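A.B. asks: Have a peek at run15.cif (mmCIF, C-alpha atoms, pLDDT in the B column; chains and numbers go by the auth columns).
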data_data
#
loop_
_atom_site.group_PDB
_atom_site.id
_atom_site.type_symbol
_atom_site.label_atom_id
_atom_site.label_comp_id
_atom_site.label_asym_id
_atom_site.label_seq_id
_atom_site.Cartn_x
_atom_site.Cartn_y
_atom_site.Cartn_z
_atom_site.B_iso_or_equiv
_atom_site.auth_seq_id
_atom_site.auth_asym_id
ATOM 1 C CA MET A 1 -55.833 79.121 89.271 87.00 566 A
ATOM 2 C CA LYS A 2 -54.952 82.537 87.901 91.00 567 A
ATOM 3 C CA LEU A 3 -51.392 83.422 86.890 94.00 568 A
ATOM 4 C CA HIS A 4 -50.615 87.016 85.975 95.00 569 A
ATOM 5 C CA LEU A 5 -48.036 87.028 83.182 96.00 570 A
ATOM 6 C CA ALA A 6 -45.277 89.569 83.738 96.00 571 A
ATOM 7 C CA SER A 7 -45.242 90.622 80.099 89.00 572 A
ATOM 8 C CA GLY A 8 -47.167 92.890 77.795 79.00 573 A
ATOM 9 C CA ASN A 9 -46.331 90.652 74.833 78.00 574 A
ATOM 10 C CA ALA A 10 -49.628 89.401 73.399 75.00 575 A
ATOM 11 C CA HIS A 11 -47.912 86.496 71.611 78.00 576 A
ATOM 12 C CA LYS A 12 -46.470 85.211 74.877 81.00 577 A
ATOM 13 C CA ALA A 13 -49.818 85.422 76.661 85.00 578 A
ATOM 14 C CA GLU A 14 -51.482 83.428 73.874 85.00 579 A
ATOM 15 C CA GLU A 15 -48.683 80.853 73.856 84.00 580 A
ATOM 16 C CA PHE A 16 -48.806 80.327 77.614 90.00 581 A
ATOM 17 C CA GLN A 17 -52.591 80.012 77.541 90.00 582 A
ATOM 18 C CA ALA A 18 -52.287 77.338 74.861 88.00 583 A
ATOM 19 C CA LEU A 19 -49.643 75.548 76.936 90.00 584 A
ATOM 20 C CA ALA A 20 -51.856 75.709 80.011 90.00 585 A
ATOM 21 C CA ALA A 21 -54.818 74.279 78.089 89.00 586 A
ATOM 22 C CA ALA A 22 -52.711 71.479 76.621 88.00 587 A
ATOM 23 C CA SER A 23 -51.434 70.552 80.083 88.00 588 A
ATOM 24 C CA GLY A 24 -54.971 69.735 81.209 88.00 589 A
ATOM 25 C CA LEU A 25 -54.802 72.191 84.087 87.00 590 A
ATOM 26 C CA THR A 26 -57.430 74.842 84.767 88.00 591 A
ATOM 27 C CA VAL A 27 -55.095 77.814 84.676 90.00 592 A
ATOM 28 C CA ASP A 28 -56.034 81.290 83.484 91.00 593 A
ATOM 29 C CA ILE A 29 -53.098 83.273 82.076 93.00 594 A
ATOM 30 C CA VAL A 30 -53.776 86.976 82.547 91.00 595 A
ATOM 31 C CA SER A 31 -51.632 89.409 80.580 91.00 596 A
ATOM 32 C CA ALA A 32 -50.105 92.349 82.419 92.00 597 A
ATOM 33 C CA ARG A 33 -51.949 94.513 79.905 89.00 598 A
ATOM 34 C CA ASP A 34 -55.208 93.426 81.531 88.00 599 A
ATOM 35 C CA VAL A 35 -54.148 94.741 84.940 87.00 600 A
ATOM 36 C CA GLY A 36 -52.856 98.158 83.996 88.00 601 A
ATOM 37 C CA GLY A 37 -49.755 97.209 82.036 90.00 602 A
ATOM 38 C CA MET A 38 -46.329 95.853 82.821 92.00 603 A
ATOM 39 C CA PRO A 39 -44.175 98.168 84.943 91.00 604 A
ATOM 40 C CA ALA A 40 -40.938 99.345 83.348 89.00 605 A
ATOM 41 C CA VAL A 41 -38.168 96.918 84.271 91.00 606 A
ATOM 42 C CA ALA A 42 -34.450 97.185 83.514 88.00 607 A
ATOM 43 C CA GLU A 43 -33.495 93.733 82.267 88.00 608 A
ATOM 44 C CA ASP A 44 -29.838 94.191 83.114 89.00 609 A
ATOM 45 C CA THR A 45 -29.116 91.510 85.712 94.00 610 A
ATOM 46 C CA GLY A 46 -27.005 89.552 83.212 94.00 611 A
ATOM 47 C CA THR A 47 -28.923 86.295 83.722 96.00 612 A
ATOM 48 C CA PHE A 48 -32.229 84.870 82.539 96.00 613 A
ATOM 49 C CA ALA A 49 -33.197 83.938 86.094 96.00 614 A
ATOM 50 C CA GLY A 50 -32.327 87.382 87.431 97.00 615 A
ATOM 51 C CA ASN A 51 -34.353 89.147 84.759 96.00 616 A
ATOM 52 C CA ALA A 52 -37.347 86.854 85.318 96.00 617 A
ATOM 53 C CA ARG A 53 -37.188 87.509 89.071 97.00 618 A
ATOM 54 C CA ARG A 54 -37.060 91.266 88.543 96.00 619 A
ATOM 55 C CA LYS A 55 -40.086 91.200 86.227 96.00 620 A
ATOM 56 C CA ALA A 56 -42.079 88.967 88.568 97.00 621 A
ATOM 57 C CA ARG A 57 -41.456 91.170 91.585 96.00 622 A
ATOM 58 C CA ALA A 58 -42.297 94.346 89.654 96.00 623 A
ATOM 59 C CA LEU A 59 -45.716 93.053 88.595 96.00 624 A
ATOM 60 C CA LEU A 60 -46.470 91.346 91.913 95.00 625 A
ATOM 61 C CA ALA A 61 -45.957 94.656 93.722 93.00 626 A
ATOM 62 C CA ARG A 62 -48.951 96.209 91.947 92.00 627 A
ATOM 63 C CA LEU A 63 -51.348 93.263 92.332 94.00 628 A
ATOM 64 C CA PRO A 64 -53.739 92.480 95.207 94.00 629 A
ATOM 65 C CA ALA A 65 -52.469 90.368 98.110 93.00 630 A
ATOM 66 C CA GLY A 66 -52.613 86.663 97.405 94.00 631 A
ATOM 67 C CA SER A 67 -51.872 87.006 93.684 95.00 632 A
ATOM 68 C CA TRP A 68 -49.541 84.732 91.737 96.00 633 A
ATOM 69 C CA VAL A 69 -47.265 85.877 88.917 97.00 634 A
ATOM 70 C CA LEU A 70 -45.573 84.001 86.092 97.00 635 A
ATOM 71 C CA ALA A 71 -42.480 85.662 84.661 97.00 636 A
ATOM 72 C CA ASP A 72 -40.562 84.510 81.614 94.00 637 A
ATOM 73 C CA ASP A 73 -37.098 85.424 80.434 94.00 638 A
ATOM 74 C CA SER A 74 -35.974 83.667 77.308 94.00 639 A
ATOM 75 C CA GLY A 75 -33.307 84.016 74.701 96.00 640 A
ATOM 76 C CA LEU A 76 -31.443 82.545 71.782 98.00 641 A
ATOM 77 C CA CYS A 77 -27.823 81.518 72.354 98.00 642 A
ATOM 78 C CA VAL A 78 -25.798 81.100 69.164 98.00 643 A
ATOM 79 C CA ASP A 79 -22.622 79.027 69.248 98.00 644 A
ATOM 80 C CA ALA A 80 -20.808 81.027 66.562 97.00 645 A
ATOM 81 C CA LEU A 81 -21.565 84.290 68.411 98.00 646 A
ATOM 82 C CA ASP A 82 -20.188 83.009 71.737 97.00 647 A
ATOM 83 C CA GLY A 83 -23.678 82.650 73.178 97.00 648 A
ATOM 84 C CA ALA A 84 -25.061 85.964 71.917 97.00 649 A
ATOM 85 C CA PRO A 85 -27.634 87.408 71.773 98.00 650 A
ATOM 86 C CA GLY A 86 -28.477 85.452 74.965 97.00 651 A
ATOM 87 C CA VAL A 87 -30.002 87.624 77.676 96.00 652 A
ATOM 88 C CA GLU A 88 -29.941 90.530 75.196 94.00 653 A
ATOM 89 C CA SER A 89 -32.108 88.663 72.672 96.00 654 A
ATOM 90 C CA ALA A 90 -34.986 91.144 72.898 91.00 655 A
ATOM 91 C CA TYR A 91 -32.642 94.095 72.343 92.00 656 A
ATOM 92 C CA PHE A 92 -30.069 92.599 69.950 96.00 657 A
ATOM 93 C CA ALA A 93 -30.552 95.371 67.380 95.00 658 A
ATOM 94 C CA GLY A 94 -30.901 98.188 69.918 92.00 659 A
ATOM 95 C CA PRO A 95 -32.836 99.423 72.958 88.00 660 A
ATOM 96 C CA VAL A 96 -36.158 99.772 71.103 85.00 661 A
ATOM 97 C CA GLY A 97 -36.646 95.997 71.178 82.00 662 A
ATOM 98 C CA ASP A 98 -37.783 95.596 67.552 92.00 663 A
ATOM 99 C CA PRO A 99 -38.245 91.853 66.780 93.00 664 A
ATOM 100 C CA ALA A 100 -37.933 92.346 63.008 95.00 665 A
ATOM 101 C CA ALA A 101 -34.711 94.322 63.418 96.00 666 A
ATOM 102 C CA ASN A 102 -33.329 91.717 65.825 97.00 667 A
ATOM 103 C CA LEU A 103 -34.017 88.930 63.336 97.00 668 A
ATOM 104 C CA ALA A 104 -32.514 90.903 60.457 97.00 669 A
ATOM 105 C CA LYS A 105 -29.344 91.567 62.455 97.00 670 A
ATOM 106 C CA LEU A 106 -28.975 87.894 63.346 98.00 671 A
ATOM 107 C CA VAL A 107 -29.374 86.842 59.708 97.00 672 A
ATOM 108 C CA ARG A 108 -26.825 89.440 58.675 97.00 673 A
ATOM 109 C CA GLU A 109 -24.239 88.449 61.292 97.00 674 A
ATOM 110 C CA MET A 110 -24.611 84.745 60.502 98.00 675 A
ATOM 111 C CA ARG A 111 -24.605 85.079 56.717 96.00 676 A
ATOM 112 C CA ASP A 112 -21.042 83.797 56.189 95.00 677 A
ATOM 113 C CA VAL A 113 -21.032 81.187 58.964 97.00 678 A
ATOM 114 C CA PRO A 114 -20.744 77.649 57.521 97.00 679 A
ATOM 115 C CA ASP A 115 -23.464 75.067 58.107 94.00 680 A
ATOM 116 C CA GLN A 116 -21.424 73.054 60.606 95.00 681 A
ATOM 117 C CA ARG A 117 -21.091 76.094 62.874 97.00 682 A
ATOM 118 C CA ARG A 118 -24.736 77.216 62.894 98.00 683 A
ATOM 119 C CA GLY A 119 -25.712 75.486 66.138 98.00 684 A
ATOM 120 C CA ALA A 120 -27.885 77.382 68.612 98.00 685 A
ATOM 121 C CA HIS A 121 -30.263 76.810 71.488 98.00 686 A
ATOM 122 C CA PHE A 122 -33.170 78.589 73.087 98.00 687 A
ATOM 123 C CA ILE A 123 -33.323 78.930 76.880 97.00 688 A
ATOM 124 C CA CYS A 124 -36.430 79.760 78.894 96.00 689 A
ATOM 125 C CA MET A 125 -36.490 80.555 82.589 97.00 690 A
ATOM 126 C CA LEU A 126 -39.925 80.664 84.181 97.00 691 A
ATOM 127 C CA LEU A 127 -40.356 82.073 87.659 97.00 692 A
ATOM 128 C CA VAL A 128 -43.568 81.678 89.631 97.00 693 A
ATOM 129 C CA ALA A 129 -43.892 84.169 92.482 97.00 694 A
ATOM 130 C CA GLY A 130 -46.623 84.390 95.071 95.00 695 A
ATOM 131 C CA PRO A 131 -47.637 85.397 98.592 93.00 696 A
ATOM 132 C CA GLY A 132 -45.083 85.573 101.355 92.00 697 A
ATOM 133 C CA GLY A 133 -42.130 85.962 99.018 93.00 698 A
ATOM 134 C CA GLN A 134 -42.523 82.489 97.532 95.00 699 A
ATOM 135 C CA GLU A 135 -40.514 82.021 94.332 96.00 700 A
ATOM 136 C CA PHE A 136 -40.047 78.900 92.220 97.00 701 A
ATOM 137 C CA ILE A 137 -37.914 78.730 89.081 97.00 702 A
ATOM 138 C CA PHE A 138 -38.109 76.331 86.142 98.00 703 A
ATOM 139 C CA GLU A 139 -35.855 75.950 83.091 97.00 704 A
ATOM 140 C CA GLY A 140 -36.445 74.712 79.558 97.00 705 A
ATOM 141 C CA ARG A 141 -33.981 74.323 76.699 97.00 706 A
ATOM 142 C CA CYS A 142 -34.329 73.506 73.002 98.00 707 A
ATOM 143 C CA ASP A 143 -31.268 72.768 70.858 98.00 708 A
ATOM 144 C CA GLY A 144 -31.177 73.288 67.118 98.00 709 A
ATOM 145 C CA ARG A 145 -29.546 75.166 64.265 98.00 710 A
ATOM 146 C CA LEU A 146 -30.068 78.359 62.291 98.00 711 A
ATOM 147 C CA ARG A 147 -31.240 78.657 58.693 97.00 712 A
ATOM 148 C CA ARG A 148 -29.608 81.234 56.456 96.00 713 A
ATOM 149 C CA GLU A 149 -32.894 82.967 55.636 96.00 714 A
ATOM 150 C CA PRO A 150 -36.187 83.261 57.568 96.00 715 A
ATOM 151 C CA ARG A 151 -38.949 80.860 56.606 96.00 716 A
ATOM 152 C CA GLY A 152 -42.521 80.434 57.859 94.00 717 A
ATOM 153 C CA GLY A 153 -45.330 82.753 58.835 88.00 718 A
ATOM 154 C CA SER A 154 -46.206 81.766 62.398 84.00 719 A
ATOM 155 C CA GLY A 155 -44.360 82.211 65.681 78.00 720 A
ATOM 156 C CA PHE A 156 -42.460 85.348 66.594 85.00 721 A
ATOM 157 C CA GLY A 157 -38.982 86.674 67.341 92.00 722 A
ATOM 158 C CA TYR A 158 -36.252 84.386 66.004 96.00 723 A
ATOM 159 C CA ASP A 159 -38.669 81.522 65.204 95.00 724 A
ATOM 160 C CA PRO A 160 -38.357 81.899 61.388 97.00 725 A
ATOM 161 C CA VAL A 161 -34.649 80.936 61.390 97.00 726 A
ATOM 162 C CA PHE A 162 -34.528 78.352 64.195 97.00 727 A
ATOM 163 C CA VAL A 163 -34.832 74.666 63.293 98.00 728 A
ATOM 164 C CA PRO A 164 -35.115 72.460 66.399 98.00 729 A
ATOM 165 C CA ALA A 165 -32.978 69.322 66.575 97.00 730 A
ATOM 166 C CA GLY A 166 -34.514 66.398 64.701 96.00 731 A
ATOM 167 C CA GLU A 167 -36.696 68.635 62.518 97.00 732 A
ATOM 168 C CA THR A 168 -36.359 70.135 59.056 97.00 733 A
ATOM 169 C CA LEU A 169 -38.811 73.019 59.512 97.00 734 A
ATOM 170 C CA THR A 170 -38.391 76.210 61.508 97.00 735 A
ATOM 171 C CA PHE A 171 -40.466 77.026 64.577 96.00 736 A
ATOM 172 C CA ALA A 172 -42.371 79.439 62.336 95.00 737 A
ATOM 173 C CA GLU A 173 -43.326 76.562 60.002 96.00 738 A
ATOM 174 C CA LEU A 174 -44.069 73.780 62.481 95.00 739 A
ATOM 175 C CA GLY A 175 -47.343 75.193 63.796 88.00 740 A
ATOM 176 C CA GLU A 176 -48.335 76.029 67.347 85.00 741 A
ATOM 177 C CA ALA A 177 -49.051 72.514 68.623 85.00 742 A
ATOM 178 C CA VAL A 178 -45.728 71.053 67.479 90.00 743 A
ATOM 179 C CA LYS A 179 -43.756 74.109 68.536 89.00 744 A
ATOM 180 C CA ASN A 180 -45.288 74.065 72.018 86.00 745 A
ATOM 181 C CA ARG A 181 -44.284 70.425 72.423 89.00 746 A
ATOM 182 C CA LEU A 182 -40.672 70.985 71.363 93.00 747 A
ATOM 183 C CA SER A 183 -39.899 74.515 72.472 93.00 748 A
ATOM 184 C CA HIS A 184 -37.868 75.775 75.394 95.00 749 A
ATOM 185 C CA ARG A 185 -40.978 77.538 76.679 91.00 750 A
ATOM 186 C CA GLY A 186 -43.062 74.388 76.337 92.00 751 A
ATOM 187 C CA ARG A 187 -40.482 72.368 78.254 95.00 752 A
ATOM 188 C CA ALA A 188 -40.234 74.950 81.024 96.00 753 A
ATOM 189 C CA TRP A 189 -44.031 75.082 81.250 94.00 754 A
ATOM 190 C CA ALA A 190 -44.156 71.264 81.537 94.00 755 A
ATOM 191 C CA ALA A 191 -42.035 71.604 84.679 96.00 756 A
ATOM 192 C CA VAL A 192 -44.391 74.303 86.014 95.00 757 A
ATOM 193 C CA ALA A 193 -47.400 72.085 85.277 94.00 758 A
ATOM 194 C CA ASP A 194 -45.825 69.170 87.172 94.00 759 A
ATOM 195 C CA TRP A 195 -45.198 71.474 90.125 93.00 760 A
ATOM 196 C CA LEU A 196 -48.789 72.730 90.047 91.00 761 A
ATOM 197 C CA ARG A 197 -50.147 69.178 90.045 89.00 762 A
ATOM 198 C CA ARG A 198 -47.965 68.200 93.008 88.00 763 A
ATOM 199 C CA ASN A 199 -49.149 71.245 94.911 82.00 764 A
ATOM 200 C CA GLY A 200 -52.854 70.956 94.215 67.00 765 A
ATOM 201 C CA GLY A 201 -52.973 73.635 91.542 61.00 766 A
ATOM 202 C CA ARG A 202 -51.898 76.231 94.106 52.00 767 A
#
Written as structure tokens, that's how I'd like the structure from this file.
C.D. replies:
Amino acid sequence: MKLHLASGNAHKAEEFQALAAASGLTVDIVSARDVGGMPAVAEDTGTFAGNARRKARALLARLPAGSWVLADDSGLCVDALDGAPGVESAYFAGPVGDPAANLAKLVREMRDVPDQRRGAHFICMLLVAGPGGQEFIFEGRCDGRLRREPRGGSGFGYDPVFVPAGETLTFAELGEAVKNRLSHRGRAWAAVADWLRRNGGR
């Protein structure tokens, strides 16, 4: 099966392809960049599910009939910031969407927050959209806490400061295989994989 990923983010495409391979399913994740690029989408619905739906529909509209799209909207919700950056995670430091600036702002805003108040969780909403207006949504969550300073050279986004529950290393230190098993995106994909198996791989 081919799933067109409603994102131009190369890291996400690689991560989803690794998740698909690990699931044992024959699924080809095709980046939006390979089909002319991701259309501009205003991610202003206020919810992860709403943003994922908007991205899926935007890409599906420019694909041939019969295509299937996978859209992802994810974010980091920090307890001490009342759930921020949340749905604004990609634009926390401004509309440019600079991951390094977003991370730096988070570190700065959390600098004086005590250890017992550094809880956070990642949320991932995956939406699979296909012919005839079919839409299926799947959720994954990963709880953890935030380090005071970034650590680790892999991963992307907020990975260098997020330590998942039960671990001592950040997502950026754990390595791809471990991260994919524990992450919000990995858990949401597991639900997608179960759905695909029940439906004959679509």
A.B. asks: Name the residues that the PyMOL selection byres ((chain A and resi 582) around 12) pulls out of this structure, and write them as a PyMOL selection string.
C.D. replies: chain A and resi 567-570+575-581+583-596+635+741+745+750-751+754
A.B. asks: Report the residues retrieved by the PyMOL selection byres ((chain A and resi 628) around 12) from the displayed file, expressed as a list in words.
C.D. replies: Leu568, His569, Leu570, Ala571, Val595, Ala597, Asp599, Val600, Gly601, Gly602, Met603, Pro604, Ala621, Arg622, Ala623, Leu624, Leu625, Ala626, Arg627, Pro629, Ala630, Gly631, Ser632, Trp633, Val634, Ala694, Gly695 and Pro696 of chain A
A.B. asks: Under the rule of at most 12 Å, produce a per-residue listing of segment 583-662 of chain A near segment 702-717 of chain A: chain, number, name, the closest pair of atoms, and the distance in Å, as JSON lines, using all atoms listed in the file.
C.D. replies:
{"residue": "A:Phe613", "atom": "CA", "partner": "A:Glu704", "partner_atom": "CA", "distance": 9.6}
{"residue": "A:Ala614", "atom": "CA", "partner": "A:Ile702", "partner_atom": "CA", "distance": 7.6}
{"residue": "A:Gly615", "atom": "CA", "partner": "A:Ile702", "partner_atom": "CA", "distance": 10.4}
{"residue": "A:Asn616", "atom": "CA", "partner": "A:Ile702", "partner_atom": "CA", "distance": 11.8}
{"residue": "A:Ala617", "atom": "CA", "partner": "A:Ile702", "partner_atom": "CA", "distance": 9.0}
{"residue": "A:Arg618", "atom": "CA", "partner": "A:Ile702", "partner_atom": "CA", "distance": 8.8}
{"residue": "A:Ala621", "atom": "CA", "partner": "A:Ile702", "partner_atom": "CA", "distance": 11.1}
{"residue": "A:Val634", "atom": "CA", "partner": "A:Ile702", "partner_atom": "CA", "distance": 11.8}
{"residue": "A:Leu635", "atom": "CA", "partner": "A:Ile702", "partner_atom": "CA", "distance": 9.8}
{"residue": "A:Ala636", "atom": "CA", "partner": "A:Ile702", "partner_atom": "CA", "distance": 9.4}
{"residue": "A:Asp637", "atom": "CA", "partner": "A:Phe703", "partner_atom": "CA", "distance": 9.7}
{"residue": "A:Asp638", "atom": "CA", "partner": "A:Glu704", "partner_atom": "CA", "distance": 9.9}
{"residue": "A:Ser639", "atom": "CA", "partner": "A:Gly705", "partner_atom": "CA", "distance": 9.2}
{"residue": "A:Gly640", "atom": "CA", "partner": "A:Arg706", "partner_atom": "CA", "distance": 9.9}
{"residue": "A:Leu641", "atom": "CA", "partner": "A:Cys707", "partner_atom": "CA", "distance": 9.6}
{"residue": "A:Cys642", "atom": "CA", "partner": "A:Asp708", "partner_atom": "CA", "distance": 9.5}
{"residue": "A:Val643", "atom": "CA", "partner": "A:Leu711", "partner_atom": "CA", "distance": 8.5}
{"residue": "A:Asp644", "atom": "CA", "partner": "A:Arg710", "partner_atom": "CA", "distance": 9.4}
{"residue": "A:Ala645", "atom": "CA", "partner": "A:Leu711", "partner_atom": "CA", "distance": 10.5}
A.B. asks: Of the candidates A:Gly648, A:Glu608, A:Ser748, A:Asn574, which shows the shortest atom-to-atom distance to Val728 of chain A, using all atoms listed in the file?
C.D. replies: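 Closest to Val728 of chain A, using all atoms listed in the file: A:Ser748.
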A.B. asks: Run the PyMOL selection byres ((chain A and resi 660-674) around 10) against the file shown and list the residues it catches, as an MDAnalysis selection string.
C.D. replies: chainID A and resid 643 645:646 649:650 653:659 675:678 711:715 721:726
A.B. asks: Centre and edge lengths, as lines of an AutoDock Vina configuration file, for the axis-aligned box enclosing every listed atom of segment 667-683 of chain A with 8 Å of padding on each of the six sides, in Å to one decimal?
C.D. replies:
center_x = -27.4
center_y = 82.4
center_z = 61.0
size_x = 29.3
size_y = 34.7
size_z = 25.6
A.B. asks: Record the distance separating atom CA of His686 of chain A and atom CA of Val606 of chain A, expressed in Å with one decimal.
C.D. replies: 25.1 Å
A.B. asks: With distances taken over all atoms listed in the file, which of A:Leu734, A:Leu692, A:Lys744, A:Asp680 is nearest to Trp760 of chain A?
C.D. replies: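 Closest to Trp760 of chain A, using all atoms listed in the file: A:Leu692.
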A.B. asks: To one decimal place in Å, what is the distance between atom CA of Arg598 of chain A and atom CA of Ala758 of chain A?
C.D. replies: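 Atom CA of Arg598 of chain A sits 23.5 Å away from atom CA of Ala758 of chain A.
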A.B. asks: Go ahead and compute the interatomic distance for atom CA of Ala737 of chain A and atom CA of His749 of chain A, in Å to one decimal.
C.D. replies: 14.3 Å
